[in-house]
file upload.cif (mmCIF, C-alpha atoms)
data_input
#
loop_
_atom_site.label_atom_id
_atom_site.label_comp_id
_atom_site.auth_asym_id
_atom_site.auth_seq_id
_atom_site.Cartn_x
_atom_site.Cartn_y
_atom_site.Cartn_z
CA MET O 1 32.05 9.20 -28.80
CA ALA O 2 30.05 7.94 -25.83
CA ASN O 3 27.10 10.04 -26.93
CA GLU O 4 26.77 8.00 -30.13
CA LEU O 5 26.10 4.79 -28.25
CA LYS O 6 22.83 3.14 -29.20
CA PHE O 7 20.48 1.98 -26.45
CA LEU O 8 17.59 -0.48 -26.55
CA VAL O 9 14.90 0.20 -23.95
CA VAL O 10 12.75 -2.86 -23.18
CA ASP O 11 9.57 -2.48 -21.12
CA ASP O 12 5.96 -3.58 -21.63
CA PHE O 13 4.68 -0.18 -20.44
CA SER O 14 4.99 2.49 -23.11
CA THR O 15 5.01 5.20 -20.42
CA MET O 16 8.12 3.71 -18.86
CA ARG O 17 9.84 3.30 -22.24
CA ARG O 18 9.23 6.98 -22.93
CA ILE O 19 10.48 8.00 -19.49
CA VAL O 20 13.69 5.99 -19.84
CA ARG O 21 14.30 7.24 -23.39
CA ASN O 22 13.76 10.85 -22.35
CA LEU O 23 16.06 10.42 -19.37
CA LEU O 24 18.76 8.85 -21.54
CA LYS O 25 18.45 11.83 -23.88
CA GLU O 26 18.75 14.24 -20.95
CA ILE O 27 21.94 12.54 -19.75
CA GLY O 28 23.45 12.65 -23.21
CA TYR O 29 22.37 9.47 -25.01
CA SER O 30 19.87 10.34 -27.69
CA GLU O 31 20.24 7.20 -29.81
CA ALA O 32 17.66 4.77 -28.51
CA ASP O 33 15.10 2.31 -29.77
CA GLU O 34 12.30 0.53 -27.90
CA ALA O 35 10.89 -2.98 -27.52
CA GLU O 36 7.76 -4.02 -25.61
CA ASP O 37 8.99 -7.47 -24.54
CA GLY O 38 11.93 -9.84 -24.70
CA VAL O 39 10.89 -11.41 -28.00
CA VAL O 40 10.75 -8.08 -29.84
CA ALA O 41 13.96 -6.98 -28.12
CA LEU O 42 15.86 -10.11 -29.15
CA ASN O 43 14.67 -9.72 -32.71
CA LYS O 44 15.87 -6.11 -32.80
CA LEU O 45 19.19 -6.99 -31.17
CA ARG O 46 19.82 -9.68 -33.80
CA ASN O 47 18.95 -7.40 -36.70
CA ALA O 48 20.63 -4.14 -35.74
CA THR O 49 23.60 -2.93 -33.77
CA PHE O 50 23.15 -1.80 -30.19
CA ASP O 51 25.62 -0.90 -27.46
CA PHE O 52 23.48 -1.03 -24.33
CA VAL O 53 20.26 -2.68 -23.17
CA VAL O 54 18.00 -1.26 -20.46
CA SER O 55 15.41 -3.90 -19.63
CA ASP O 56 12.40 -4.42 -17.39
CA ILE O 57 11.93 -7.92 -15.92
CA ASN O 58 8.20 -8.55 -15.59
CA MET O 59 7.02 -8.63 -19.21
CA PRO O 60 4.76 -10.89 -21.27
CA ASN O 61 6.03 -13.38 -23.90
CA MET O 62 9.64 -13.25 -22.77
CA ASN O 63 10.56 -11.69 -19.44
CA GLY O 64 13.74 -9.81 -18.61
CA PHE O 65 15.51 -12.83 -17.11
CA GLN O 66 14.82 -14.90 -20.22
CA LEU O 67 16.01 -12.02 -22.42
CA LEU O 68 19.18 -11.66 -20.34
CA ASN O 69 19.77 -15.39 -20.64
CA GLU O 70 19.29 -15.33 -24.42
CA ILE O 71 21.67 -12.38 -24.77
CA LYS O 72 24.36 -13.99 -22.65
CA LYS O 73 24.29 -17.29 -24.52
CA ASP O 74 24.46 -15.60 -27.93
CA ASP O 75 28.07 -15.15 -29.04
CA LYS O 76 27.21 -12.05 -31.03
CA LEU O 77 25.29 -10.39 -28.22
CA LYS O 78 26.91 -11.55 -24.99
CA HIS O 79 29.24 -8.53 -24.81
CA LEU O 80 26.22 -6.21 -24.47
CA PRO O 81 25.76 -4.62 -21.05
CA VAL O 82 22.23 -5.20 -19.74
CA LEU O 83 20.92 -2.89 -17.05
CA MET O 84 17.80 -4.21 -15.34
CA VAL O 85 15.26 -1.51 -14.42
CA THR O 86 12.40 -3.20 -12.60
CA ALA O 87 9.82 -3.18 -9.83
CA GLU O 88 11.02 -6.67 -8.75
CA ALA O 89 12.53 -5.95 -5.35
CA ARG O 90 13.11 -9.49 -4.04
CA LYS O 91 16.71 -10.10 -3.06
CA GLU O 92 16.72 -13.45 -4.86
CA ASP O 93 15.76 -11.70 -8.14
CA ILE O 94 18.58 -9.18 -7.72
CA VAL O 95 21.11 -11.92 -7.01
CA MET O 96 19.80 -14.01 -9.91
CA ALA O 97 20.15 -11.06 -12.30
CA ALA O 98 23.73 -10.48 -11.20
CA GLN O 99 24.57 -14.18 -11.51
CA GLN O 100 23.08 -14.31 -15.01
CA GLY O 101 25.34 -11.46 -16.08
CA ALA O 102 23.31 -8.26 -15.66
CA ALA O 103 25.58 -5.23 -15.61
CA GLY O 104 23.40 -3.39 -13.10
CA TYR O 105 20.06 -3.42 -11.29
CA ILE O 106 17.75 -0.48 -10.61
CA VAL O 107 14.51 -0.79 -8.64
CA LYS O 108 11.50 1.28 -9.64
CA PRO O 109 10.61 3.95 -8.79
CA PHE O 110 14.01 5.47 -9.54
CA THR O 111 15.49 8.90 -10.12
CA LYS O 112 17.30 10.45 -13.06
CA ALA O 113 20.47 10.58 -10.94
CA THR O 114 20.31 6.81 -10.29
CA LEU O 115 19.94 5.98 -13.98
CA GLU O 116 22.75 8.39 -14.88
CA ASP O 117 25.07 6.93 -12.22
CA LYS O 118 24.45 3.32 -13.24
CA VAL O 119 24.73 3.90 -17.00
CA ASN O 120 27.93 5.92 -16.61
CA LEU O 121 29.42 3.40 -14.16
CA ILE O 122 28.76 0.51 -16.54
CA LEU O 123 30.16 2.41 -19.52
CA SER O 124 33.25 3.39 -17.52
CA LYS O 125 33.89 -0.24 -16.55
CA LEU O 126 33.66 -1.19 -20.23
CA GLY O 127 35.96 1.66 -21.23
CA LEU O 128 33.21 3.26 -23.28
CA LYS O 129 33.20 6.51 -21.33
CA MET F 1 -60.94 -19.37 21.57
CA SER F 2 -58.47 -16.66 21.15
CA THR F 3 -56.01 -18.58 23.35
CA GLY F 4 -56.28 -21.65 21.10
CA ALA F 5 -55.72 -19.53 17.95
CA SER F 6 -52.65 -17.81 19.33
CA SER F 7 -51.34 -21.15 20.55
CA SER F 8 -51.70 -22.72 17.10
CA SER F 9 -50.07 -19.69 15.38
CA GLY F 10 -47.23 -19.97 17.89
CA VAL F 11 -46.74 -23.63 16.93
CA ALA F 12 -46.81 -22.73 13.24
CA ALA F 13 -44.18 -20.03 13.77
CA ALA F 14 -42.00 -22.48 15.66
CA ASP F 15 -42.42 -25.02 12.86
CA LEU F 16 -41.50 -22.39 10.26
CA SER F 17 -38.46 -21.34 12.26
CA GLN F 18 -37.41 -24.97 12.59
CA ASP F 19 -37.94 -25.47 8.85
CA VAL F 20 -35.85 -22.39 7.96
CA HIS F 21 -33.18 -23.51 10.36
CA GLN F 22 -33.08 -26.96 8.74
CA ARG F 23 -32.98 -25.48 5.24
CA ILE F 24 -30.06 -23.19 6.15
CA GLY F 25 -28.33 -26.17 7.70
CA ALA F 26 -28.91 -28.23 4.56
CA LEU F 27 -27.67 -25.41 2.33
CA THR F 28 -24.57 -24.97 4.46
CA ARG F 29 -23.90 -28.70 4.29
CA GLN F 30 -24.46 -28.66 0.53
CA LEU F 31 -22.10 -25.70 0.12
CA HIS F 32 -19.49 -27.38 2.30
CA ASP F 33 -19.78 -30.68 0.37
CA SER F 34 -19.71 -28.87 -2.96
CA LEU F 35 -16.59 -26.95 -2.04
CA ASN F 36 -14.96 -30.18 -0.94
CA GLY F 37 -16.21 -32.03 -4.02
CA LEU F 38 -14.80 -29.38 -6.31
CA GLY F 39 -11.57 -29.20 -4.38
CA LEU F 40 -12.28 -25.55 -3.66
CA THR F 41 -11.84 -25.58 0.11
CA ASP F 42 -8.23 -24.55 -0.13
CA LYS F 43 -9.06 -21.90 -2.68
CA VAL F 44 -11.67 -20.36 -0.40
CA LYS F 45 -9.08 -20.35 2.39
CA ASN F 46 -6.71 -18.59 -0.04
CA TRP F 47 -9.35 -15.98 -0.92
CA ALA F 48 -9.57 -15.13 2.75
CA GLY F 49 -5.88 -14.32 2.63
CA GLU F 50 -5.89 -12.74 -0.79
CA ILE F 51 -8.74 -10.31 -0.30
CA PRO F 52 -6.91 -8.30 2.39
CA ASP F 53 -3.87 -8.45 0.07
CA ALA F 54 -6.04 -7.03 -2.73
CA LYS F 55 -7.18 -4.31 -0.34
CA SER F 56 -3.61 -3.34 0.48
CA ARG F 57 -2.77 -3.40 -3.25
CA LEU F 58 -5.64 -1.02 -3.97
CA SER F 59 -4.47 1.22 -1.13
CA TYR F 60 -0.99 1.16 -2.70
CA ILE F 61 -2.50 2.31 -6.01
CA ALA F 62 -4.41 5.10 -4.28
CA ARG F 63 -1.23 6.20 -2.49
CA LEU F 64 0.95 6.12 -5.60
CA THR F 65 -1.53 7.97 -7.81
CA GLY F 66 -2.09 10.52 -5.04
CA GLU F 67 1.64 11.10 -4.64
CA ALA F 68 2.09 11.41 -8.40
CA ALA F 69 -0.70 13.99 -8.65
CA GLU F 70 0.82 15.93 -5.74
CA LYS F 71 4.28 15.81 -7.34
CA VAL F 72 2.94 17.00 -10.71
CA LEU F 73 0.94 19.87 -9.17
CA ASN F 74 3.94 21.01 -7.10
CA SER F 75 6.21 20.91 -10.15
CA VAL F 76 3.66 22.80 -12.24
CA ASP F 77 3.44 25.46 -9.51
CA GLN F 78 7.22 25.85 -9.51
CA ALA F 79 7.45 25.94 -13.32
CA LYS F 80 4.63 28.48 -13.55
CA SER F 81 6.28 30.71 -10.99
CA GLN F 82 9.55 30.63 -12.99
CA HIS F 83 7.60 31.24 -16.17
CA ASP F 84 5.80 34.23 -14.61
CA TYR F 85 9.17 35.58 -13.50
CA ILE F 86 10.60 35.34 -17.04
CA ALA F 87 7.48 37.02 -18.47
CA ALA F 88 7.67 39.89 -15.95
CA GLU F 89 11.42 40.36 -16.44
CA THR F 90 11.00 40.36 -20.22
CA ARG F 91 8.41 43.13 -19.96
CA ARG F 92 10.65 45.10 -17.59
CA ILE F 93 13.80 44.79 -19.71
CA GLY F 94 11.76 45.56 -22.84
CA ALA F 95 10.59 48.82 -21.29
CA LEU F 96 14.19 49.71 -20.27
CA ILE F 97 15.46 49.06 -23.81
CA VAL F 98 12.68 51.16 -25.34
CA LYS F 99 13.42 53.97 -22.90
CA ASP F 100 17.21 53.98 -23.29
CA PRO F 101 18.82 51.06 -25.17
CA VAL F 102 22.41 52.20 -24.53
CA ALA F 103 21.86 52.60 -20.79
CA ALA F 104 20.06 49.23 -20.60
CA VAL F 105 23.17 47.52 -21.97
CA ALA F 106 25.73 49.74 -20.29
CA LYS F 107 24.18 49.40 -16.82
CA GLY F 108 24.16 45.63 -17.16
CA HIS F 109 20.36 45.22 -17.20
CA VAL F 110 20.41 43.17 -20.40
CA MET F 111 23.24 40.90 -19.25
CA ASN F 112 21.59 40.36 -15.85
CA PHE F 113 18.36 39.52 -17.63
CA ILE F 114 20.10 36.91 -19.80
CA THR F 115 21.72 35.30 -16.74
CA ASP F 116 18.42 35.26 -14.84
CA VAL F 117 16.52 33.73 -17.76
CA GLU F 118 19.14 31.01 -18.14
CA GLU F 119 18.84 30.17 -14.42
CA ALA F 120 15.03 30.17 -14.56
CA THR F 121 14.98 27.85 -17.58
CA LYS F 122 17.15 25.37 -15.65
CA HIS F 123 14.52 25.33 -12.88
CA ILE F 124 11.74 24.90 -15.44
CA ASP F 125 13.62 22.04 -17.07
CA LYS F 126 13.98 20.33 -13.68
CA SER F 127 10.25 20.75 -13.03
CA LEU F 128 9.44 19.24 -16.43
CA THR F 129 11.72 16.25 -15.70
CA ASP F 130 10.01 15.81 -12.31
CA ILE F 131 6.60 15.83 -14.04
CA MET F 132 7.81 13.20 -16.48
CA MET F 133 9.24 11.02 -13.69
CA ALA F 134 5.97 11.25 -11.76
CA GLN F 135 4.32 9.31 -14.59
CA ASP F 136 6.16 6.14 -13.54
CA PHE F 137 3.12 5.39 -11.36
CA HIS F 138 1.44 4.09 -14.53
CA ASP F 139 3.85 1.18 -14.79
CA LEU F 140 3.83 0.33 -11.06
CA THR F 141 0.07 0.63 -10.55
CA GLY F 142 -0.59 -1.17 -13.84
CA GLN F 143 1.24 -4.24 -12.57
CA VAL F 144 -0.65 -4.16 -9.27
CA ILE F 145 -4.03 -3.65 -10.97
CA SER F 146 -3.31 -6.64 -13.19
CA LYS F 147 -2.79 -8.81 -10.06
CA VAL F 148 -6.06 -7.63 -8.49
CA VAL F 149 -7.93 -8.28 -11.75
CA ASN F 150 -6.49 -11.79 -11.86
CA LEU F 151 -7.65 -12.40 -8.28
CA ALA F 152 -11.17 -11.14 -9.06
CA ALA F 153 -11.28 -13.29 -12.20
CA SER F 154 -10.16 -16.33 -10.23
CA ILE F 155 -12.85 -15.84 -7.57
CA GLU F 156 -15.50 -15.23 -10.23
CA GLN F 157 -14.48 -18.35 -12.13
CA GLN F 158 -14.65 -20.53 -9.02
CA LEU F 159 -18.00 -19.07 -7.96
CA VAL F 160 -19.51 -19.72 -11.39
CA GLN F 161 -18.19 -23.29 -11.22
CA LEU F 162 -19.76 -23.67 -7.79
CA LEU F 163 -23.07 -22.25 -9.02
CA ILE F 164 -23.20 -24.72 -11.89
CA PHE F 165 -22.29 -27.63 -9.64
CA THR F 166 -24.92 -26.81 -7.02
CA ALA F 167 -27.75 -25.93 -9.45
CA PRO F 168 -30.95 -28.01 -8.88
CA ALA F 169 -31.30 -31.10 -11.09
CA GLU F 170 -34.48 -29.75 -12.74
CA PRO F 171 -34.28 -26.04 -12.36
CA VAL F 172 -37.32 -23.84 -12.82
CA ASN F 173 -35.13 -21.36 -14.63
CA LYS F 174 -32.36 -22.60 -16.83
CA PRO F 175 -29.01 -21.87 -15.25
CA VAL F 176 -26.95 -19.24 -16.92
CA GLU F 177 -24.05 -20.79 -18.72
CA ALA F 178 -20.64 -19.96 -17.37
CA PRO F 179 -19.06 -17.21 -19.46
CA ALA F 180 -15.92 -18.23 -21.30
CA THR F 181 -13.04 -17.01 -19.20
CA THR F 182 -10.59 -14.95 -21.16
CA PHE F 183 -8.38 -14.09 -18.22
CA VAL F 184 -5.11 -15.84 -17.75
CA VAL F 185 -4.86 -16.60 -14.07
CA HIS F 186 -1.34 -17.06 -12.78
CA GLU F 187 -1.81 -18.74 -9.44
CA HIS F 188 1.83 -18.78 -8.52
CA PRO F 189 3.55 -16.04 -10.50
CA VAL F 190 7.29 -16.37 -10.47
CA LEU F 191 7.65 -12.61 -10.56
CA GLN F 192 6.00 -10.60 -7.82
CA GLY F 193 5.84 -7.10 -9.29
CA PRO F 194 5.96 -4.01 -7.10
CA VAL F 195 6.26 -4.67 -3.38
CA VAL F 196 3.20 -3.18 -1.74
CA ASN F 197 4.28 -3.63 1.89
CA PRO F 198 8.09 -3.81 2.07
CA GLU F 199 8.22 -3.03 5.80
CA GLY F 200 9.17 -6.03 7.90
CA ASN F 201 9.82 -8.22 4.85
CA PRO F 202 13.46 -9.32 4.93
CA ASP F 203 13.25 -10.87 1.45
CA VAL F 204 12.84 -7.60 -0.41
CA VAL F 205 14.87 -4.43 -0.74
CA LYS F 206 13.34 -1.10 0.22
CA GLY F 207 15.28 1.10 -2.15
CA GLN F 208 18.19 1.48 -4.55
CA SER F 209 20.78 1.81 -1.78
CA GLU F 210 19.85 -1.67 -0.49
CA VAL F 211 20.20 -3.07 -4.03
CA ASP F 212 23.67 -1.53 -4.30
CA ASP F 213 24.67 -2.84 -0.85
CA LEU F 214 23.42 -6.34 -1.67
CA LEU F 215 25.28 -6.48 -4.99
CA ALA F 216 28.43 -5.03 -3.40
CA SER F 217 28.30 -7.66 -0.63
CA LEU F 218 28.27 -10.34 -3.32
CA GLY F 219 31.21 -8.79 -5.14
CA PHE F 220 29.24 -7.44 -8.10
#

call {"tool": "encode", "arguments": {"input": "upload.cif", "output": "structure tokens"}}
result
Amino acid sequence: MANELKFLVVDDFSTMRRIVRNLLKEIGYSEADEAEDGVVALNKLRNATFDFVVSDINMPNMNGFQLLNEIKKDDKLKHLPVLMVTAEARKEDIVMAAQQGAAGYIVKPFTKATLEDKVNLILSKLGLK
Amino acid sequence: MSTGASSSSGVAAADLSQDVHQRIGALTRQLHDSLNGLGLTDKVKNWAGEIPDAKSRLSYIARLTGEAAEKVLNSVDQAKSQHDYIAAETRRIGALIVKDPVAAVAKGHVMNFITDVEEATKHIDKSLTDIMMAQDFHDLTGQVISKVVNLAASIEQQLVQLLIFTAPAEPVNKPVEAPATTFVVHEHPVLQGPVVNPEGNPDVVKGQSEVDDLLASLGF
């Protein structure tokens, strides 16, 4: 069942979106869509069903913190786990993400094992794995 | 006569030197006043700090792209060696089957070949994943390049402003109009992007394990 979960990968760099999607596929999650910023992501989240969001932070139009905030204040979306995957390495950003309700935080550059561990940990906590 | 001539040329040279000196002094004063008048003094001070930062950012890009290229070439070498092994083993097992198909199966050559190929493909798959992961430099260097471009645009914009402000009242040549700036300059970005020099900076984490420790210490 877990393999049918649908992911939304949000990053302004197409290379990174491809990398994350390919990694998700390698670890068993082949259902994934992409968005290049928070605005596009929010639009997709409101118009289709997703189970998991993997989001960058530093993006144009709407950054990852703003997207996280929008998701968490939307009754229909707030249950969604949001895993931040970002180059932002300041401790205050990490703490802020956790306080705003991020399910996990990965700093770039990262490994396949790190992504797999975090995704599986979050899904286990939610009883989805 | 010759003494008088050399004496007068010496005076002229001294006058010229004095004149040049005064002109440089006047220009320096004008530049200083202009910078103050435009409120650019602080910006110039900032450039002094930002240019070394830009240099370390460019070094970071060079390092990251170099490491990525190295990683890709190493992974390609490993994948090619596994690929060569599969090709050679396929030729060898093919020859054994042609020679004596029953013996090739009975002696376990075919089964060993299948096991070996499966193992080699796992190694090739890992190499391909490593090659893919090495491309993450595009994202990280892209963010850093964007910051350096913004800095260059900011300096260019201020210099053009300064040029216009200090242009003579009746110039011999018409001053070139300042080009319309299309860059968006974020002077105080909220987000910092990749950390170029994490060493000795207590405000940033140096890797995923520090992120995990920090979140765990906060009960997340």

call {"tool": "closest_residue", "arguments": {"input": "upload.cif", "among": "O:Leu8, O:Met16, O:Met84, O:Leu67", "to": "O:Asp33", "atoms": "only C-alpha atoms"}}
result
O:Leu8

call {"tool": "resolve_selection", "arguments": {"input": "upload.cif", "expression": "the PyMOL selection byres ((chain F) within 10 of (chain O))", "output": "MDAnalysis selection string"}}
result
chainID F and resid 129:130 132:140 142:143 190:195 198 201:212 214:215 218:220

call {"tool": "residues_around", "arguments": {"input": "upload.cif", "residues": "O:Asp51", "least_positions_apart": "5", "cutoff": "12 Å", "atoms": "all atoms listed in the file", "output": "CSV table (one decimal) with C-alpha atoms, in the coordinates of the input"}}
result
chain,number,residue,atom,x,y,z
O,2,ALA,CA,30.0,7.9,-25.8
O,3,ASN,CA,27.1,10.0,-26.9
O,4,GLU,CA,26.8,8.0,-30.1
O,5,LEU,CA,26.1,4.8,-28.2
O,6,LYS,CA,22.8,3.1,-29.2
O,7,PHE,CA,20.5,2.0,-26.4
O,8,LEU,CA,17.6,-0.5,-26.6
O,9,VAL,CA,14.9,0.2,-24.0
O,29,TYR,CA,22.4,9.5,-25.0
O,31,GLU,CA,20.2,7.2,-29.8
O,32,ALA,CA,17.7,4.8,-28.5
O,33,ASP,CA,15.1,2.3,-29.8
O,45,LEU,CA,19.2,-7.0,-31.2
O,76,LYS,CA,27.2,-12.0,-31.0
O,77,LEU,CA,25.3,-10.4,-28.2
O,78,LYS,CA,26.9,-11.6,-25.0
O,79,HIS,CA,29.2,-8.5,-24.8
O,80,LEU,CA,26.2,-6.2,-24.5
O,81,PRO,CA,25.8,-4.6,-21.0
O,82,VAL,CA,22.2,-5.2,-19.7
O,83,LEU,CA,20.9,-2.9,-17.0
O,119,VAL,CA,24.7,3.9,-17.0
O,122,ILE,CA,28.8,0.5,-16.5
O,123,LEU,CA,30.2,2.4,-19.5
O,126,LEU,CA,33.7,-1.2,-20.2
O,128,LEU,CA,33.2,3.3,-23.3

call {"tool": "residues_near_point", "arguments": {"input": "upload.cif", "point": "(17.0, -13.5, -24.3)", "cutoff": "10 Å", "atoms": "only C-alpha atoms", "output": "MDAnalysis selection string"}}
result
chainID O and resid 38:43 45 62:74 77

call {"tool": "atom_distance", "arguments": {"input": "upload.cif", "atom1": "atom CA of F:Lys43", "atom2": "atom CA of F:Ser56"}}
result
19.6 Å

call {"tool": "atom_distance", "arguments": {"input": "upload.cif", "atom1": "atom CA of F:Leu159", "atom2": "atom CA of F:Arg29"}}
result
16.7 Å

call {"tool": "atom_distance", "arguments": {"input": "upload.cif", "atom1": "atom CA of O:Val53", "atom2": "atom CA of O:Met96"}}
result
17.4 Å

call {"tool": "residues_around", "arguments": {"input": "upload.cif", "residues": "F:Val76", "least_positions_apart": "3", "cutoff": "9 Å", "atoms": "all atoms listed in the file", "output": "ChimeraX atom specification"}}
result
/F:71-73,79-81,124,127-128,131
